[in-house]
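Undergrad: My structure is stored as run.cif, with mmCIF, C-alpha atoms.
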```
data_model
#
loop_
_atom_site.label_atom_id
_atom_site.label_comp_id
_atom_site.auth_asym_id
_atom_site.auth_seq_id
_atom_site.Cartn_x
_atom_site.Cartn_y
_atom_site.Cartn_z
CA MET A 1 0.00 0.00 0.00
CA ILE A 2 1.32 3.43 -0.95
CA HIS A 3 2.03 5.92 1.86
CA ILE A 4 0.90 9.50 1.24
CA ASP A 5 1.89 12.41 3.45
CA ILE A 6 0.32 15.82 3.09
CA VAL A 7 2.51 18.43 4.75
CA CYS A 8 0.56 21.66 5.06
CA VAL A 9 0.92 25.00 6.78
CA GLY A 10 -2.02 26.38 8.72
CA LYS A 11 -4.74 25.05 10.97
CA ILE A 12 -8.23 24.20 9.72
CA ARG A 13 -10.64 26.32 11.73
CA GLU A 14 -13.95 25.74 9.96
CA ASN A 15 -15.90 22.70 11.17
CA TYR A 16 -17.41 21.99 7.76
CA LEU A 17 -13.91 21.69 6.27
CA LYS A 18 -12.70 19.55 9.19
CA ASP A 19 -15.66 17.23 8.63
CA ALA A 20 -15.06 16.97 4.87
CA ILE A 21 -11.32 16.37 5.36
CA ALA A 22 -12.07 13.66 7.94
CA GLU A 23 -14.55 12.01 5.57
CA TYR A 24 -12.14 11.91 2.62
CA SER A 25 -9.32 10.74 4.90
CA LYS A 26 -11.55 7.84 6.00
CA ARG A 27 -12.47 7.00 2.40
CA LEU A 28 -8.80 7.06 1.34
CA SER A 29 -7.81 4.57 4.05
CA LYS A 30 -9.02 1.80 1.72
CA TYR A 31 -6.40 2.78 -0.90
CA CYS A 32 -3.41 4.28 0.92
CA ALA A 33 -1.81 5.00 4.27
CA LEU A 34 -2.56 8.70 4.66
CA ASN A 35 -0.83 11.05 7.06
CA ILE A 36 -1.75 14.75 7.25
CA ILE A 37 0.98 16.80 8.92
CA GLU A 38 -0.38 20.20 9.91
CA LEU A 39 2.28 22.80 10.70
CA PRO A 40 1.65 26.15 12.41
CA ASP A 41 1.66 29.20 10.19
CA GLU A 42 3.79 32.23 10.98
CA LYS A 43 1.93 35.29 12.17
CA LEU A 44 1.91 37.97 9.48
CA PRO A 45 2.82 41.49 10.57
CA THR A 46 0.31 44.22 9.73
CA LYS A 47 2.89 46.06 7.62
CA LEU A 48 4.23 43.37 5.32
CA ASN A 49 7.19 44.19 3.07
CA ASP A 50 9.33 42.01 0.77
CA SER A 51 11.91 41.34 3.46
CA LEU A 52 9.33 40.25 6.04
CA SER A 53 7.49 38.17 3.41
CA LEU A 54 10.68 36.31 2.58
CA GLU A 55 11.40 35.75 6.27
CA VAL A 56 7.93 34.21 6.81
CA LYS A 57 8.28 31.99 3.73
CA GLN A 58 11.75 30.86 4.84
CA LYS A 59 10.53 29.90 8.33
CA GLU A 60 7.51 28.01 7.00
CA SER A 61 9.52 26.33 4.23
CA LYS A 62 12.17 25.21 6.75
CA SER A 63 9.41 23.71 8.89
CA ILE A 64 7.96 21.90 5.84
CA LEU A 65 11.38 20.61 4.80
CA SER A 66 11.98 19.12 8.26
CA ARG A 67 8.87 16.93 7.88
CA ILE A 68 9.68 15.37 4.48
CA LYS A 69 10.81 11.76 4.60
CA LYS A 70 14.07 11.19 2.73
CA ASP A 71 12.80 8.41 0.46
CA SER A 72 9.64 10.25 -0.54
CA TYR A 73 8.63 11.53 -4.00
CA VAL A 74 7.80 15.18 -3.26
CA ILE A 75 5.12 17.15 -5.10
CA ALA A 76 4.34 20.77 -4.20
CA LEU A 77 1.03 22.41 -4.95
CA ASP A 78 1.96 25.69 -6.59
CA LEU A 79 0.47 28.12 -9.12
CA LYS A 80 3.48 27.55 -11.41
CA GLY A 81 2.82 23.80 -11.49
CA LYS A 82 1.44 21.52 -14.16
CA SER A 83 -2.32 21.03 -14.44
CA TYR A 84 -3.85 17.56 -14.80
CA THR A 85 -7.27 16.19 -15.59
CA SER A 86 -8.59 13.79 -12.95
CA GLU A 87 -7.73 10.85 -15.21
CA GLU A 88 -4.18 12.14 -15.78
CA PHE A 89 -3.73 12.71 -12.04
CA SER A 90 -4.96 9.16 -11.37
CA ASN A 91 -2.44 7.77 -13.87
CA LYS A 92 0.30 9.91 -12.31
CA ILE A 93 -0.35 8.55 -8.81
CA GLN A 94 -0.58 4.96 -10.07
CA ASN A 95 2.65 5.24 -12.05
CA LEU A 96 4.45 6.81 -9.08
CA SER A 97 3.24 4.03 -6.79
CA LEU A 98 5.00 1.48 -9.01
CA THR A 99 8.43 2.94 -8.23
CA ASN A 100 7.84 4.85 -4.97
CA SER A 101 6.43 3.60 -1.68
CA HIS A 102 5.99 7.12 -0.35
CA ILE A 103 4.58 10.32 -1.91
CA THR A 104 4.56 13.65 -0.09
CA PHE A 105 2.39 16.59 -1.14
CA LEU A 106 3.29 20.07 0.11
CA ILE A 107 0.82 22.91 0.68
CA GLY A 108 2.51 26.12 1.78
CA GLY A 109 1.20 28.97 3.85
CA THR A 110 -0.50 32.19 2.77
CA LEU A 111 2.66 33.55 1.13
CA GLY A 112 3.67 30.27 -0.52
CA MET A 113 6.97 28.42 -0.32
CA THR A 114 10.53 29.50 -1.06
CA ASN A 115 12.03 28.91 -4.49
CA GLU A 116 14.65 26.75 -2.78
CA LEU A 117 12.00 24.40 -1.37
CA LEU A 118 10.08 24.32 -4.66
CA GLY A 119 13.33 23.57 -6.49
CA ASN A 120 13.88 20.50 -4.32
CA CYS A 121 10.51 19.02 -5.30
CA LYS A 122 10.24 16.40 -8.03
CA GLU A 123 7.19 18.13 -9.43
CA LEU A 124 4.86 21.10 -9.03
CA ILE A 125 1.12 20.65 -9.52
CA CYS A 126 -1.49 23.38 -9.94
CA PHE A 127 -5.18 22.63 -9.35
CA SER A 128 -6.31 25.99 -10.70
CA LYS A 129 -4.92 29.32 -11.82
CA MET A 130 -7.42 30.87 -9.41
CA THR A 131 -6.39 31.53 -5.82
CA PHE A 132 -8.13 29.47 -3.12
CA PRO A 133 -7.71 29.38 0.64
CA HIS A 134 -5.15 26.77 1.69
CA PRO A 135 -7.65 24.73 3.75
CA LEU A 136 -9.85 24.38 0.66
CA ILE A 137 -6.87 23.23 -1.44
CA ARG A 138 -6.21 20.54 1.17
CA LEU A 139 -9.78 19.31 0.68
CA PHE A 140 -9.40 19.49 -3.13
CA LEU A 141 -6.25 17.37 -2.93
CA LEU A 142 -7.94 14.71 -0.79
CA GLU A 143 -10.93 14.59 -3.11
CA GLN A 144 -8.73 14.25 -6.20
CA LEU A 145 -6.66 11.52 -4.55
CA PHE A 146 -9.86 9.64 -3.72
CA ARG A 147 -11.21 10.16 -7.24
CA GLY A 148 -7.86 9.05 -8.67
CA PHE A 149 -7.85 5.79 -6.71
CA LYS A 150 -11.47 5.11 -7.73
CA ILE A 151 -10.58 5.70 -11.41
CA ALA A 152 -7.47 3.50 -11.18
CA ASN A 153 -9.49 0.67 -9.66
CA GLY A 154 -12.26 0.92 -12.25
CA GLU A 155 -14.77 1.85 -9.57
CA ASN A 156 -17.72 4.13 -10.20
CA TYR A 157 -17.41 7.72 -9.08
CA HIS A 158 -19.47 10.60 -10.40
CA HIS A 159 -17.72 12.80 -12.95
#
```
Can you give me the file's structure in the form of structure tokens?
TA:
Amino acid sequence: MIHIDIVCVGKIRENYLKDAIAEYSKRLSKYCALNIIELPDEKLPTKLNDSLSLEVKQKESKSILSRIKKDSYVIALDLKGKSYTSEEFSNKIQNLSLTNSHITFLIGGTLGMTNELLGNCKELICFSKMTFPHPLIRLFLLEQLFRGFKIANGENYHH
């Protein structure tokens, strides 16, 4: 069974998102060993400049980096990443699982991740060119993983 870690910055505060994330996590347990690693976000100063932005991204990226397992195939969710259809994403995960026992997805904080961290990833994926709150992206990722496993196993799932 493939191991999937989701390393993400920021706490989920909304109960409806917590419930949805818990539901998809439960559904995914049939297909993979899932581990969601929630890291605290840095407090943003009221007057944010480039230097302070970089400092926040560096702290959060360092925290993310410390939680990545060495043997893992690392994929960051980033606006500069490649877009996939659900079928393509399903194929991607299935192909990766043939040669990797561990996949780690990264979801950065409000300001994103450093170029250094992104450069150390095997791949960048973008779910949309639109901007969404990070907790919602976490839910999107779980849903697409679930959909991908259903597709790969030839199981029905609404399109």
Undergrad: What does the structure give for the distance between atom CA of A:Phe105 and atom CA of A:Glu42, in Å to one decimal?
TA: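 Computing it gives 19.8 Å between the two atoms.
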Undergrad: To one decimal place, how far is atom CA of A:Asn35 from atom CA of A:Cys121 in Å?
TA: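 So the answer is 18.6 Å.
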Undergrad: Once the PyMOL selection byres ((chain A and resi 11) around 12) has been applied to the shown file, what residues remain in the selection, as a PyMOL selection string?
TA: chain A and resi 7-10+12-15+17-18+36-42+107-110+133-136+138
Undergrad: Tell me which of A:Leu48, A:Ile64, A:Ala22, A:Leu34 sits closest to A:Thr114, counting all atoms listed in the file.
TA: A:Ile64
Undergrad: Taking every listed atom of stretch 149-158 of chain A and adding 8 Å to each side, what centre and edge lengths in Å (one decimal) does the axis-aligned box have, as JSON?
TA:
```
{"center_x": -13.5, "center_y": 5.6, "center_z": -9.5, "size_x": 28.0, "size_y": 25.9, "size_z": 21.5}
```
Undergrad: How close does stretch 23-136 of chain A get to stretch 149-157 of chain A? List, as JSON lines, each residue of stretch 23-136 of chain A within 8 Å, its nearest atom pair and the distance in Å to one decimal, counting all atoms listed in the file.
TA:
```
{"residue": "A:Tyr31", "atom": "CA", "partner": "A:Phe149", "partner_atom": "CA", "distance": 6.7}
{"residue": "A:Glu87", "atom": "CA", "partner": "A:Ile151", "partner_atom": "CA", "distance": 7.0}
{"residue": "A:Ser90", "atom": "CA", "partner": "A:Ala152", "partner_atom": "CA", "distance": 6.2}
{"residue": "A:Asn91", "atom": "CA", "partner": "A:Ala152", "partner_atom": "CA", "distance": 7.1}
{"residue": "A:Gln94", "atom": "CA", "partner": "A:Ala152", "partner_atom": "CA", "distance": 7.1}
```
Undergrad: Take the residues from that selection and write them out as a JSON list (two decimals), in the coordinates of the input, keeping C-alpha atoms.
TA:
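Written output follows (selection-v3.json):
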```json
[["chain", "number", "residue", "atom", "x", "y", "z"],
["A", 31, "TYR", "CA", -6.40, 2.78, -0.90],
["A", 87, "GLU", "CA", -7.73, 10.85, -15.21],
["A", 90, "SER", "CA", -4.96, 9.16, -11.37],
["A", 91, "ASN", "CA", -2.44, 7.77, -13.87],
["A", 94, "GLN", "CA", -0.58, 4.96, -10.07]]
```
Undergrad: Which distance in Å separates atom CA of A:His3 and atom CA of A:Ser101, to one decimal?
TA: 6.1 Å
Undergrad: What would the selection look like, as a JSON list (two decimals) with C-alpha atoms, keeping the file's coordinate frame, if the PyMOL selection byres ((chain A and resi 79) around 8) were run on the coordinates I just shared?
TA:
```json
[["chain", "number", "residue", "atom", "x", "y", "z"],
["A", 77, "LEU", "CA", 1.03, 22.41, -4.95],
["A", 78, "ASP", "CA", 1.96, 25.69, -6.59],
["A", 80, "LYS", "CA", 3.48, 27.55, -11.41],
["A", 81, "GLY", "CA", 2.82, 23.80, -11.49],
["A", 125, "ILE", "CA", 1.12, 20.65, -9.52],
["A", 126, "CYS", "CA", -1.49, 23.38, -9.94],
["A", 127, "PHE", "CA", -5.18, 22.63, -9.35],
["A", 128, "SER", "CA", -6.31, 25.99, -10.70],
["A", 129, "LYS", "CA", -4.92, 29.32, -11.82]]
```
Undergrad: Evaluate the PyMOL selection byres ((chain A and resi 56) around 9) against this structure - the residues, as an mmCIF file with C-alpha atoms, in the frame of the given file, please.
TA:
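The resulting part.cif:
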```
data_model
loop_
_atom_site.group_PDB
_atom_site.id
_atom_site.type_symbol
_atom_site.label_atom_id
_atom_site.label_comp_id
_atom_site.auth_asym_id
_atom_site.auth_seq_id
_atom_site.Cartn_x
_atom_site.Cartn_y
_atom_site.Cartn_z
ATOM 1 C CA ASP A 41 1.660 29.200 10.190
ATOM 2 C CA GLU A 42 3.790 32.230 10.980
ATOM 3 C CA LYS A 43 1.930 35.290 12.170
ATOM 4 C CA LEU A 44 1.910 37.970 9.480
ATOM 5 C CA SER A 51 11.910 41.340 3.460
ATOM 6 C CA LEU A 52 9.330 40.250 6.040
ATOM 7 C CA SER A 53 7.490 38.170 3.410
ATOM 8 C CA LEU A 54 10.680 36.310 2.580
ATOM 9 C CA GLU A 55 11.400 35.750 6.270
ATOM 10 C CA LYS A 57 8.280 31.990 3.730
ATOM 11 C CA GLN A 58 11.750 30.860 4.840
ATOM 12 C CA LYS A 59 10.530 29.900 8.330
ATOM 13 C CA GLU A 60 7.510 28.010 7.000
ATOM 14 C CA SER A 61 9.520 26.330 4.230
ATOM 15 C CA LEU A 111 2.660 33.550 1.130
#
```
Undergrad: Can you list, as JSON, numbers by chain, every protein, DNA or RNA residue that comes within 10 Å of A:Lys69 when you count only C-alpha atoms, leaving out same-chain residues fewer than 6 positions away?
TA: {"A": [5, 102, 103, 104]}
Undergrad: Which residues are near A:Leu142? Cut-off 10 Å, only C-alpha atoms, ignore same chain within fewer than 3 positions. Put them as a list in words.
TA: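 Answer for this query is Ile6, Ala20, Ile21, Ala22, Glu23, Tyr24, Ser25, Arg27, Leu28, Leu34, Leu136, Ile137, Arg138, Leu139, Leu145, Phe146, Arg147 and Gly148 of chain A.
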